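Q: This is the structure, below, for whatever I ask next.
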Amino acid sequence: MGNKKAYLGIDIGSISTKGVIIDENNNIICSSYLWTKGVPIQAVKNLLKELKKNLPDGYIVVSCGTTGSARRLIGIMTGASVIKNEITAHAIGTSSIYKDVKTIFEIGGQDSKIILIDNGIVTDYAMNTICAAGTGAFLSSQAKRLEIDVQDFGRIALTSKNPTKIAARCTVFAESDLVHKAQIGHKKEDIIAGLCYSVVNNYLNNVAKGKKIKPPIVFQGGVSKNIGVVKAFCDVTGEDIITDPNGHLMGALGVAILSKKEKEEVFDFNVLDLDFETKGYECKRCPNHCEIIAIKKDKKIIDTWGNRCERGAII
Amino acid sequence: MVIGVPRCLFYYRYQTLIRSFFNELDIEYVISDPSNKKILEDGKKIAPDEACFSLKMFLGHVKNLEGKCDYIFIPRIESVKLDEKVCTNFYLLYDLVNNLFDIKILDFNIDEQKRKTEKSAFIQLGLFLGFSYNRVITAYNHAKEKEKKVKNNNILKQTCILNNNCKKVLVAGHPYNIYDEFIGKPLIDTLKKNNIEIVYSDIYDTKNIEEESSIISEEVYWTFNKEILGAIGKYKDNVDGIILVSAFPCGPDSLINELVIRKIKDIPILNIILDEANSDTGLVTRLESFIDIINKESAYE
């Protein structure tokens with residue numbers, strides 16, 4: 001046990017779960033990154049175990065924040081002092097490191113967003129709407145088709161001198177276009193580079209459509225690890241694209257920073273070992289049949305959500 | 001005799017008028033239940049593939065009225081203003097329902113281009129129901145007065161909100177989406193929960209519509225969308241943000257909302273497209289982020 005204050009931020013996304021612990025000056029003192037695998041509670045348990053192990057001596061975690069799509073579930077369970085949407089969290093995290101950042105590109109596993117920032121404050125954002133074309137899921141499915149490891153994707157793309165043009169409006173059409181291009185004799189590395197360009201063009205024409213993109217630009221999300229896509233972004237926008245080795249941690253960092261302003265209470269890393277149970281059921285009290293999630297702690301319901309009306313509220 | 005009125009599409013534009021008119025004539029009527037999942041599922045089963053979310057919901061409402069009424073009131077609305085049109089759905093409803101259901105439909109036809117006015121439609125309806133011309137015209141006039149009163153009252157209330165110091169958002173979209181219990185309610189509820197006051201685009205006096213809508217476009221021939229543009233023009237400087245709400249897939253909205261996003265640059269705009277596969281989670285994340293933008297500094301504390 002130490003006496004230097006530290007703050008925990010957890011970002012629970014659909015694909016990966018990220019956690020950071022920061023000191024009072026917003027420096028990351030330890031972090032962890034693992035797959036959610038569809039079981040956010042277990043993922044966070046593992047995450048906390050790892051963070052606890054890696055936390056240097058002399059620090060004590062006094063506040064915790066959550067973000068990401070499972071922010072509410074995990075926030076309630078860990079007793080987080082702040083639960084924040086990922087857009088604000090990412091903006092805060094990123095601008096704590098890149099003070100003058102104006103634009104954040106983010107391409108994740110299933111969604112992509114653009115965040116415009118002025119003086120550390122979000123002024124505008126956009127997210128992909130109905131379609132997930134051009135996200136990480138698209139790239140990994142194409143990698144599979146070409147039988148290459150998605151991690152080698154960027155490296156191979158950089159060897160191309162003449163990227164193939166691939167229609168990327170829609171994953172289904174991109175795939176048939178890709179097959180067509182391969183069949184008429186385009187080289188594999190050109191096709192791979194072409195895919196990187198199609199991700200970028202798709203992003204700029206859909207998500208970032210009509211947005212004023214001003215440098216400095218920081219590129220985040222799983223796809224930012226793909227150097228082929230980074231290069232394509234540089235080429236197409238004509239700007240420098242900043243990527244950060246900690247890019248995936250920005251959301252977690254953002255909520256950790258936010259949690260500094262909240263009430264302090266020593267954080268218990270074993271909090272999730274308590275007897276938690278979640279249960280999803282369909283409320284039958286009206287024809288809406290809302291899907292309600294109830295969280296039980298020691299067999300007692302501590303929170304529920306999902307109900308559209310009071311009839312479904314059981315607390 | 002009981003008349004069934006689907007609580008969907010035209011209902012939200014004409015509700016005061018319809019209710020008052022029937023009340024004046026002592027006609028028994030039943031309005032379908034507020035939208036819920038079952039109504040939507042029923043609608044989806046019978047709707048054509050390409051129908052929009054709102055139209056699917058509408059067909060569910062008709063289904064909901066089956067067996068509850070002798071006649072169903074489904075207006076055929078082609079144009080409510082000279083040289084302007086409304087969405088195609090509004091003039092195909094009558095024929096669509098006629099083909100899909102075995103149900104008696106009351107004739108009601110508004111087409112200003114052919115001089116079939118709202119007034120003449122109501123008169124024809126009253127005469128068909130067996131009332132004298134004088135009784136019908138009195139009922140219509142009274143209903144019209146009532147409609148005006150309600151409208152003025154709403155505008156007055158909205159003016160109070162606009163003069164208020166709180167954070168306000170203009171929710172701009174078709175009333176049949178915004179006020180629908182299933183389509184727009186989760187959005188409205190989330191805003192209210194976050195202490196955002198709502199300014200509605202349909203609570204709007206169309207007196208200066210030409211001028212107010214021309215900020216975005218001088219030539220819009222869809223009346224309903226033009227009214228939304230007018231409201232945006234009128235209210236945009238007095239609100240902290242605009243949320244464009246549309247149901248997927250809406251032709252006029254996809255064009256008009258794009259225009260709004262391109263032309264209005266001095267205020268945060270959020271474009272929300274609702275579809276029947278939506279979960280509220282994505283909606284809440286988008287709204288919360290937008291609310292953070294509106295609350296600016298205070299969201300970071």
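Labels used: A, B, ... for chains in the order of the structure tokens, numbers from 1 for residues in each chain, and numbers from 1 for ligands as shown.
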Taking 5 positions as the minimum chain separation for residues in the same chain, which residues sit within 12 Å of Lys157 (chain B) when counting only C-alpha atoms? Answer as a count of residues only.
A: 12
Q: Hey, what's within 9 Å of region 256-267 of chain B if we count only C-alpha atoms and toss same-chain stuff fewer than 2 positions away? As a ChimeraX atom specification, please?
A: /A:210 /B:215-217,220,225-226,229,232,236-237,239-242,244-246,251-254,269-271
Q: What are the residues of chain B lining chain A at 6 Å or less? Count only C-alpha atoms, and put the answer as a list in words.
A: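 Here is what falls inside 6 Å: Asn36, Lys37, Lys38, Thr285 and Ile293 of chain B.
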Q: Out of region 4-108 of chain A, which residues get alpha helix (DSSP H) from DSSP, as an MDAnalysis selection string?
A: chainID A and resid 40:54 71:78 86:97
Q: Given the choices A:Gly154, A:Gly108, A:Gly13, A:Gly134, which gets closest to Glu189 (chain A) if the distance is worked out from only C-alpha atoms?
A: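 Of all the options, A:Gly154 lies closest to Glu189 (chain A).
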Q: Just how far from CA of Leu92 (chain B) is CA of Val62 (chain B), in Å to one decimal?
A: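 A separation of 14.2 Å between them.
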Q: Please give the complete set of residues from region 160-292 of chain B that DSSP, run on the backbone, assigns to strand (DSSP E), formatted as a list of chain:residue names.
A: B:Lys168, B:Val169, B:Leu170, B:Val171, B:Ala172, B:Gly173, B:Glu197, B:Ile198, B:Val199, B:Tyr200, B:Gly241, B:Ile242, B:Ile243, B:Leu244, B:Val245, B:Ser246, B:Ala247, B:Ile269, B:Leu270, B:Asn271, B:Ile272, B:Ile273, B:Leu274
Q: For a test of reading the model, state the distance in Å between CA of Lys212 (chain A) and CA of Asp100 (chain A), rounded to one decimal.
A: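 Taking CA of Lys212 (chain A) as the start and CA of Asp100 (chain A) as the end point, the length is 15.8 Å.
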Q: Which of these residues is nearest to Leu17 (chain B), using only C-alpha atoms: B:Leu106, B:Asp49, B:Ala143, B:Lys85?
A: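 Ranked by minimum distance to Leu17 (chain B), first place goes to B:Ala143.
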Q: So which one's closest to Ile29 (chain A), A:Gly65, A:Pro215, A:Gly228, A:Gly9? Using only C-alpha atoms, please.
A: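 For Ile29 (chain A), the nearest of the given residues is A:Gly9.
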Q: What's the separation between CA of Pro186 (chain B) and CA of Val171 (chain B), in Å to one decimal place?
A: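 According to the coordinates, CA of Pro186 (chain B) and CA of Val171 (chain B) are separated by 12.9 Å.
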